[in-house]
Amino acid sequence: MAGWCRVAAAGAAPEVEAWCRGAGRHEAACRAAWVAPRLRPDGPPTAALLAACAEAPACALDVLDHRATGTVDAQLAACAAHTGPLVGHCVHHALQRWSRDRPASPEVLALLATARGLPAPTARWTAFHLGELAWCGRRFSCDDLEGPESALCTEGQGPFRTGRQRCDQAPSGRPPPPPARGGPHPRSPG
């Protein structure tokens, strides 16, 4: 069966590996199509769905968005481990869910301490998206942060300062923050 035909029928396939391995260049789409109907709460465990996604970051992002559980620290670690070039989107979604609890400065600083232990792109994206939370939630300030995190947090506020984005709007799709001196670009996996 041709690759795209496998994608179209993947949701009904009993097993992802054998079915999607034959999809060729459509394997990532096949895996996402197999996972999608299984995202419901009574579906397979999250770890099994992430394993089914394999090296398909968009698939993993869907799983983590639909199966967001645990602490924000655990979510950021899962973003770092599974979403590759989409880590910025994953971090943003996790922080948006976390911000519903209206974290104050001590919780933000604790989160940044945890994020510093994650791969560089995840830590940078965390600081960048905290800018939106600081601007819209007003429960902490980017000035509470130190060094590069403070600068990235302030940069994350740019679209709000200029009026290009309002707090009640969806994310603006701003470009990622610049890489740390000598570090990999935030879209790089590590």
# chains A, B, ... in the order shown; residues from 1 in each chain; ligands from 1

call {"tool": "residues_around", "arguments": {"residues": "range 149-165 of chain A", "least_positions_apart": "3", "cutoff": "6 Å", "atoms": "only C-alpha atoms", "output": "PyMOL selection string"}}
result
chain A and resi 127-132+142+145-146

call {"tool": "write_last_selection", "arguments": {"atoms": "all heavy atoms", "output": "PDB file, in the first residue's frame"}}
result
ATOM      1  N   ALA A 127      12.295  31.268  29.399  1.00  0.00           N
ATOM      2  CA  ALA A 127      12.500  32.676  29.761  1.00  0.00           C
ATOM      3  C   ALA A 127      11.771  33.599  28.790  1.00  0.00           C
ATOM      4  O   ALA A 127      11.125  34.572  29.201  1.00  0.00           O
ATOM      5  CB  ALA A 127      13.994  33.003  29.787  1.00  0.00           C
ATOM      6  N   PHE A 128      11.845  33.292  27.503  1.00  0.00           N
ATOM      7  CA  PHE A 128      11.193  34.123  26.490  1.00  0.00           C
ATOM      8  C   PHE A 128       9.683  34.189  26.714  1.00  0.00           C
ATOM      9  O   PHE A 128       9.086  35.262  26.745  1.00  0.00           O
ATOM     10  CB  PHE A 128      11.505  33.552  25.103  1.00  0.00           C
ATOM     11  CG  PHE A 128      10.924  34.339  23.962  1.00  0.00           C
ATOM     12  CD1 PHE A 128      11.497  35.529  23.567  1.00  0.00           C
ATOM     13  CD2 PHE A 128       9.824  33.872  23.267  1.00  0.00           C
ATOM     14  CE1 PHE A 128      10.976  36.256  22.501  1.00  0.00           C
ATOM     15  CE2 PHE A 128       9.297  34.586  22.204  1.00  0.00           C
ATOM     16  CZ  PHE A 128       9.870  35.776  21.818  1.00  0.00           C
ATOM     17  N   HIS A 129       9.053  33.028  26.920  1.00  0.00           N
ATOM     18  CA  HIS A 129       7.591  33.012  27.075  1.00  0.00           C
ATOM     19  C   HIS A 129       7.144  33.513  28.443  1.00  0.00           C
ATOM     20  O   HIS A 129       5.985  33.903  28.607  1.00  0.00           O
ATOM     21  CB  HIS A 129       7.030  31.635  26.770  1.00  0.00           C
ATOM     22  CG  HIS A 129       7.090  31.314  25.313  1.00  0.00           C
ATOM     23  ND1 HIS A 129       6.521  32.119  24.351  1.00  0.00           N
ATOM     24  CD2 HIS A 129       7.657  30.288  24.642  1.00  0.00           C
ATOM     25  CE1 HIS A 129       6.744  31.600  23.153  1.00  0.00           C
ATOM     26  NE2 HIS A 129       7.432  30.498  23.303  1.00  0.00           N
ATOM     27  N   LEU A 130       8.042  33.532  29.412  1.00  0.00           N
ATOM     28  CA  LEU A 130       7.688  34.157  30.685  1.00  0.00           C
ATOM     29  C   LEU A 130       7.425  35.656  30.499  1.00  0.00           C
ATOM     30  O   LEU A 130       6.686  36.245  31.282  1.00  0.00           O
ATOM     31  CB  LEU A 130       8.781  33.929  31.725  1.00  0.00           C
ATOM     32  CG  LEU A 130       8.792  32.536  32.347  1.00  0.00           C
ATOM     33  CD1 LEU A 130      10.018  32.365  33.230  1.00  0.00           C
ATOM     34  CD2 LEU A 130       7.517  32.257  33.109  1.00  0.00           C
ATOM     35  N   GLY A 131       7.989  36.245  29.462  1.00  0.00           N
ATOM     36  CA  GLY A 131       7.723  37.654  29.172  1.00  0.00           C
ATOM     37  C   GLY A 131       6.240  37.911  28.951  1.00  0.00           C
ATOM     38  O   GLY A 131       5.679  38.891  29.447  1.00  0.00           O
ATOM     39  N   GLU A 132       5.606  37.028  28.192  1.00  0.00           N
ATOM     40  CA  GLU A 132       4.156  37.147  27.977  1.00  0.00           C
ATOM     41  C   GLU A 132       3.411  37.028  29.298  1.00  0.00           C
ATOM     42  O   GLU A 132       2.501  37.814  29.588  1.00  0.00           O
ATOM     43  CB  GLU A 132       3.672  36.058  27.019  1.00  0.00           C
ATOM     44  CG  GLU A 132       2.173  36.038  26.845  1.00  0.00           C
ATOM     45  CD  GLU A 132       1.702  34.910  25.948  1.00  0.00           C
ATOM     46  OE1 GLU A 132       2.504  34.311  25.213  1.00  0.00           O
ATOM     47  OE2 GLU A 132       0.496  34.621  25.989  1.00  0.00           O
ATOM     48  N   CYS A 142       9.899  40.901  34.756  1.00  0.00           N
ATOM     49  CA  CYS A 142      11.131  40.390  34.146  1.00  0.00           C
ATOM     50  C   CYS A 142      12.345  40.883  34.926  1.00  0.00           C
ATOM     51  O   CYS A 142      13.396  40.243  34.904  1.00  0.00           O
ATOM     52  CB  CYS A 142      11.231  40.817  32.684  1.00  0.00           C
ATOM     53  SG  CYS A 142      10.022  40.007  31.614  1.00  0.00           S
ATOM     54  N   LEU A 145      14.099  38.516  37.278  1.00  0.00           N
ATOM     55  CA  LEU A 145      14.993  37.504  36.741  1.00  0.00           C
ATOM     56  C   LEU A 145      16.391  38.082  36.596  1.00  0.00           C
ATOM     57  O   LEU A 145      16.586  39.291  36.697  1.00  0.00           O
ATOM     58  CB  LEU A 145      14.464  37.015  35.392  1.00  0.00           C
ATOM     59  CG  LEU A 145      12.984  36.638  35.360  1.00  0.00           C
ATOM     60  CD1 LEU A 145      12.592  36.179  33.972  1.00  0.00           C
ATOM     61  CD2 LEU A 145      12.674  35.568  36.383  1.00  0.00           C
ATOM     62  N   GLU A 146      17.360  37.216  36.340  1.00  0.00           N
ATOM     63  CA  GLU A 146      18.739  37.680  36.226  1.00  0.00           C
ATOM     64  C   GLU A 146      19.325  37.324  34.873  1.00  0.00           C
ATOM     65  O   GLU A 146      18.920  36.348  34.249  1.00  0.00           O
ATOM     66  CB  GLU A 146      19.591  37.037  37.326  1.00  0.00           C
ATOM     67  CG  GLU A 146      19.177  37.418  38.723  1.00  0.00           C
ATOM     68  CD  GLU A 146      19.979  36.684  39.781  1.00  0.00           C
ATOM     69  OE1 GLU A 146      20.846  35.866  39.420  1.00  0.00           O
ATOM     70  OE2 GLU A 146      19.729  36.932  40.960  1.00  0.00           O
TER      71      GLU A 146
END

call {"tool": "residues_around", "arguments": {"residues": "Gly3 in chain A", "least_positions_apart": "2", "cutoff": "8 Å", "atoms": "only C-alpha atoms", "output": "PyMOL selection string"}}
result
chain A and resi 1+5-7+22-27

call {"tool": "residues_around", "arguments": {"residues": "range 9-18 of chain A", "least_positions_apart": "4", "cutoff": "8 Å", "atoms": "only C-alpha atoms", "output": "list in words"}}
result
Cys5, Gly22, Cys30, Arg31, Ala33, Trp34, Val35, Ala36, Pro37 and Ala52 of chain A

call {"tool": "residues_around", "arguments": {"residues": "His93 in chain A", "least_positions_apart": "5", "cutoff": "12 Å", "atoms": "only C-alpha atoms", "output": "short mmCIF file (atom, residue, chain, number, x, y, z; two decimals) with all heavy atoms, in the first residue's frame"}}
result
data_model
loop_
_atom_site.label_atom_id
_atom_site.label_comp_id
_atom_site.auth_asym_id
_atom_site.auth_seq_id
_atom_site.Cartn_x
_atom_site.Cartn_y
_atom_site.Cartn_z
N LEU A 61 3.98 16.74 20.16
CA LEU A 61 3.37 17.98 20.63
C LEU A 61 1.88 17.78 20.85
O LEU A 61 1.32 18.22 21.86
CB LEU A 61 3.64 19.13 19.65
CG LEU A 61 3.03 20.48 20.01
CD1 LEU A 61 3.62 21.03 21.30
CD2 LEU A 61 3.27 21.47 18.87
N ASP A 62 1.21 17.11 19.92
CA ASP A 62 -0.22 16.83 20.08
C ASP A 62 -0.47 16.00 21.34
O ASP A 62 -1.41 16.26 22.09
CB ASP A 62 -0.78 16.10 18.86
CG ASP A 62 -0.98 17.00 17.67
OD1 ASP A 62 -0.99 18.23 17.84
OD2 ASP A 62 -1.13 16.47 16.55
N LEU A 64 1.40 15.78 24.07
CA LEU A 64 1.64 16.57 25.28
C LEU A 64 0.59 17.65 25.49
O LEU A 64 0.27 17.99 26.63
CB LEU A 64 3.05 17.17 25.23
CG LEU A 64 4.17 16.13 25.32
CD1 LEU A 64 5.52 16.79 25.09
CD2 LEU A 64 4.14 15.39 26.64
N ASP A 65 0.02 18.17 24.42
CA ASP A 65 -1.07 19.15 24.56
C ASP A 65 -2.36 18.49 25.05
O ASP A 65 -3.08 19.05 25.88
CB ASP A 65 -1.35 19.85 23.24
CG ASP A 65 -0.40 21.01 22.98
OD1 ASP A 65 0.33 21.42 23.90
OD2 ASP A 65 -0.39 21.50 21.84
N HIS A 66 -2.67 17.30 24.56
CA HIS A 66 -3.90 16.62 24.94
C HIS A 66 -3.78 15.86 26.26
O HIS A 66 -4.79 15.59 26.90
CB HIS A 66 -4.34 15.65 23.84
CG HIS A 66 -4.95 16.33 22.68
ND1 HIS A 66 -4.21 16.85 21.65
CD2 HIS A 66 -6.24 16.60 22.38
CE1 HIS A 66 -5.01 17.40 20.76
NE2 HIS A 66 -6.24 17.27 21.18
N ARG A 67 -2.58 15.52 26.62
CA ARG A 67 -2.36 14.71 27.83
C ARG A 67 -1.51 15.47 28.84
O ARG A 67 -0.67 14.88 29.50
CB ARG A 67 -1.68 13.40 27.46
CG ARG A 67 -2.50 12.47 26.60
CD ARG A 67 -3.60 11.82 27.45
NE ARG A 67 -4.30 10.78 26.74
CZ ARG A 67 -3.93 9.51 26.69
NH1 ARG A 67 -2.83 9.11 27.28
NH2 ARG A 67 -4.66 8.64 26.05
N ALA A 68 -1.69 16.75 28.95
CA ALA A 68 -0.90 17.55 29.88
C ALA A 68 -1.23 17.14 31.31
O ALA A 68 -2.35 17.32 31.77
CB ALA A 68 -1.19 19.03 29.68
N VAL A 72 4.42 21.60 35.96
CA VAL A 72 4.96 22.32 34.82
C VAL A 72 6.40 21.89 34.58
O VAL A 72 6.85 21.82 33.44
CB VAL A 72 4.82 23.85 34.97
CG1 VAL A 72 5.71 24.38 36.08
CG2 VAL A 72 5.10 24.56 33.66
N GLN A 75 6.24 18.85 32.54
CA GLN A 75 5.84 19.19 31.17
C GLN A 75 7.02 19.74 30.38
O GLN A 75 7.23 19.37 29.23
CB GLN A 75 4.70 20.21 31.18
CG GLN A 75 3.36 19.62 31.50
CD GLN A 75 2.84 18.77 30.35
OE1 GLN A 75 2.69 19.24 29.23
NE2 GLN A 75 2.60 17.51 30.62
N LEU A 76 7.80 20.62 30.98
CA LEU A 76 8.96 21.18 30.28
C LEU A 76 9.98 20.10 29.97
O LEU A 76 10.57 20.10 28.88
CB LEU A 76 9.59 22.30 31.10
CG LEU A 76 8.73 23.56 31.30
CD1 LEU A 76 9.48 24.58 32.14
CD2 LEU A 76 8.29 24.15 29.98
N CYS A 79 8.67 18.25 27.05
CA CYS A 79 8.87 19.06 25.84
C CYS A 79 10.30 18.90 25.33
O CYS A 79 10.53 18.69 24.14
CB CYS A 79 8.60 20.54 26.14
SG CYS A 79 6.88 20.99 26.42
N LEU A 86 10.05 21.71 17.71
CA LEU A 86 8.80 22.36 18.15
C LEU A 86 8.82 22.64 19.65
O LEU A 86 7.79 22.96 20.23
CB LEU A 86 7.60 21.47 17.79
CG LEU A 86 7.43 21.18 16.30
CD1 LEU A 86 6.24 20.26 16.07
CD2 LEU A 86 7.28 22.46 15.51
N VAL A 87 9.98 22.55 20.28
CA VAL A 87 10.08 22.74 21.72
C VAL A 87 9.54 24.10 22.15
O VAL A 87 8.91 24.22 23.20
CB VAL A 87 11.51 22.49 22.23
CG1 VAL A 87 12.47 23.56 21.77
CG2 VAL A 87 11.52 22.37 23.75
N GLY A 88 9.75 25.14 21.37
CA GLY A 88 9.24 26.47 21.73
C GLY A 88 7.73 26.50 21.85
O GLY A 88 7.18 27.09 22.77
N TRP A 98 0.05 26.51 32.88
CA TRP A 98 0.55 26.79 34.21
C TRP A 98 0.11 28.18 34.69
O TRP A 98 -0.19 28.37 35.86
CB TRP A 98 2.07 26.67 34.18
CG TRP A 98 2.80 26.99 35.44
CD1 TRP A 98 2.74 26.29 36.62
CD2 TRP A 98 3.73 28.04 35.65
NE1 TRP A 98 3.60 26.86 37.53
CE2 TRP A 98 4.22 27.93 36.96
CE3 TRP A 98 4.22 29.06 34.83
CZ2 TRP A 98 5.15 28.81 37.49
CZ3 TRP A 98 5.15 29.93 35.36
CH2 TRP A 98 5.61 29.80 36.67
N SER A 99 0.06 29.13 33.79
CA SER A 99 -0.27 30.51 34.17
C SER A 99 -1.71 30.66 34.65
O SER A 99 -2.04 31.64 35.29
CB SER A 99 -0.01 31.47 33.01
OG SER A 99 -0.96 31.30 31.98
N ARG A 100 -2.55 29.68 34.37
CA ARG A 100 -3.94 29.75 34.87
C ARG A 100 -3.97 29.81 36.39
O ARG A 100 -4.92 30.30 36.99
CB ARG A 100 -4.74 28.56 34.37
CG ARG A 100 -4.97 28.59 32.88
CD ARG A 100 -5.74 27.37 32.42
NE ARG A 100 -5.66 27.28 30.98
CZ ARG A 100 -5.56 26.15 30.30
NH1 ARG A 100 -5.56 24.99 30.92
NH2 ARG A 100 -5.49 26.17 28.99
N TRP A 125 13.56 29.19 25.72
CA TRP A 125 12.14 29.38 25.39
C TRP A 125 11.33 29.67 26.65
O TRP A 125 10.39 30.46 26.62
CB TRP A 125 11.58 28.15 24.68
CG TRP A 125 11.82 28.15 23.21
CD1 TRP A 125 12.65 27.32 22.52
CD2 TRP A 125 11.22 29.00 22.23
NE1 TRP A 125 12.61 27.61 21.18
CE2 TRP A 125 11.73 28.63 20.98
CE3 TRP A 125 10.30 30.04 22.30
CZ2 TRP A 125 11.35 29.26 19.80
CZ3 TRP A 125 9.93 30.67 21.12
CH2 TRP A 125 10.45 30.28 19.89
N THR A 126 11.67 29.03 27.75
CA THR A 126 10.95 29.28 29.00
C THR A 126 11.08 30.74 29.40
O THR A 126 10.07 31.40 29.68
CB THR A 126 11.49 28.35 30.11
OG1 THR A 126 11.31 26.98 29.70
CG2 THR A 126 10.75 28.59 31.42
N HIS A 129 9.05 33.03 26.92
CA HIS A 129 7.59 33.01 27.08
C HIS A 129 7.14 33.51 28.44
O HIS A 129 5.99 33.90 28.61
CB HIS A 129 7.03 31.64 26.77
CG HIS A 129 7.09 31.31 25.31
ND1 HIS A 129 6.52 32.12 24.35
CD2 HIS A 129 7.66 30.29 24.64
CE1 HIS A 129 6.74 31.60 23.15
NE2 HIS A 129 7.43 30.50 23.30
N LEU A 130 8.04 33.53 29.41
CA LEU A 130 7.69 34.16 30.69
C LEU A 130 7.42 35.66 30.50
O LEU A 130 6.69 36.25 31.28
CB LEU A 130 8.78 33.93 31.72
CG LEU A 130 8.79 32.54 32.35
CD1 LEU A 130 10.02 32.37 33.23
CD2 LEU A 130 7.52 32.26 33.11
N GLU A 132 5.61 37.03 28.19
CA GLU A 132 4.16 37.15 27.98
C GLU A 132 3.41 37.03 29.30
O GLU A 132 2.50 37.81 29.59
CB GLU A 132 3.67 36.06 27.02
CG GLU A 132 2.17 36.04 26.85
CD GLU A 132 1.70 34.91 25.95
OE1 GLU A 132 2.50 34.31 25.21
OE2 GLU A 132 0.50 34.62 25.99
N LEU A 133 3.80 36.06 30.11
CA LEU A 133 3.12 35.88 31.39
C LEU A 133 3.34 37.07 32.32
O LEU A 133 2.42 37.48 33.03
CB LEU A 133 3.61 34.60 32.07
CG LEU A 133 3.38 33.30 31.30
CD1 LEU A 133 3.84 32.11 32.12
CD2 LEU A 133 1.93 33.15 30.90
N ALA A 170 -4.42 35.04 20.60
CA ALA A 170 -3.56 33.87 20.46
C ALA A 170 -2.13 34.32 20.28
O ALA A 170 -1.87 35.47 19.94
CB ALA A 170 -4.02 33.03 19.27
N PRO A 171 -1.17 33.42 20.49
CA PRO A 171 0.24 33.79 20.30
C PRO A 171 0.50 34.38 18.93
O PRO A 171 -0.12 34.01 17.95
CB PRO A 171 0.98 32.46 20.47
CG PRO A 171 0.06 31.63 21.28
CD PRO A 171 -1.33 32.05 20.90
#

call {"tool": "atom_distance", "arguments": {"atom1": "CA of Ala51 in chain A", "atom2": "CA of Pro85 in chain A"}}
result
17.4 Å

call {"tool": "atom_distance", "arguments": {"atom1": "CA of Ala94 in chain A", "atom2": "CA of Gly117 in chain A"}}
result
16.9 Å

call {"tool": "atom_distance", "arguments": {"atom1": "CA of Ser105 in chain A", "atom2": "CA of His82 in chain A"}}
result
28.3 Å

call {"tool": "residues_around", "arguments": {"residues": "Leu50 in chain A", "least_positions_apart": "3", "cutoff": "10 Å", "atoms": "only C-alpha atoms", "output": "tab-separated table (two decimals) with C-alpha atoms, in the first residue's frame"}}
result
chain	number	residue	atom	x	y	z
A	35	VAL	CA	-2.06	8.47	17.59
A	45	PRO	CA	-1.02	5.63	28.38
A	46	THR	CA	0.79	8.85	27.47
A	47	ALA	CA	4.18	7.11	27.45
A	53	CYS	CA	5.22	9.09	17.81
A	54	ALA	CA	8.90	8.05	17.68
A	55	GLU	CA	10.81	10.85	15.90
A	56	ALA	CA	7.70	12.83	14.85
A	57	PRO	CA	7.78	16.08	16.88
A	59	CYS	CA	2.83	14.07	16.91
A	60	ALA	CA	4.56	14.37	20.30
A	61	LEU	CA	3.37	17.98	20.63
A	62	ASP	CA	-0.22	16.83	20.08
A	63	VAL	CA	0.18	14.15	22.74
A	64	LEU	CA	1.64	16.57	25.28
A	78	ALA	CA	8.73	16.18	28.33
A	82	HIS	CA	10.08	14.71	22.72
A	83	THR	CA	9.32	17.78	20.60

call {"tool": "select_by_dssp", "arguments": {"residues": "range 61-162 of chain A", "states": "alpha helix (DSSP H)", "output": "PyMOL selection string"}}
result
chain A and resi 61-66+72-82+87-99+105-115+120-137+147-156+158-161
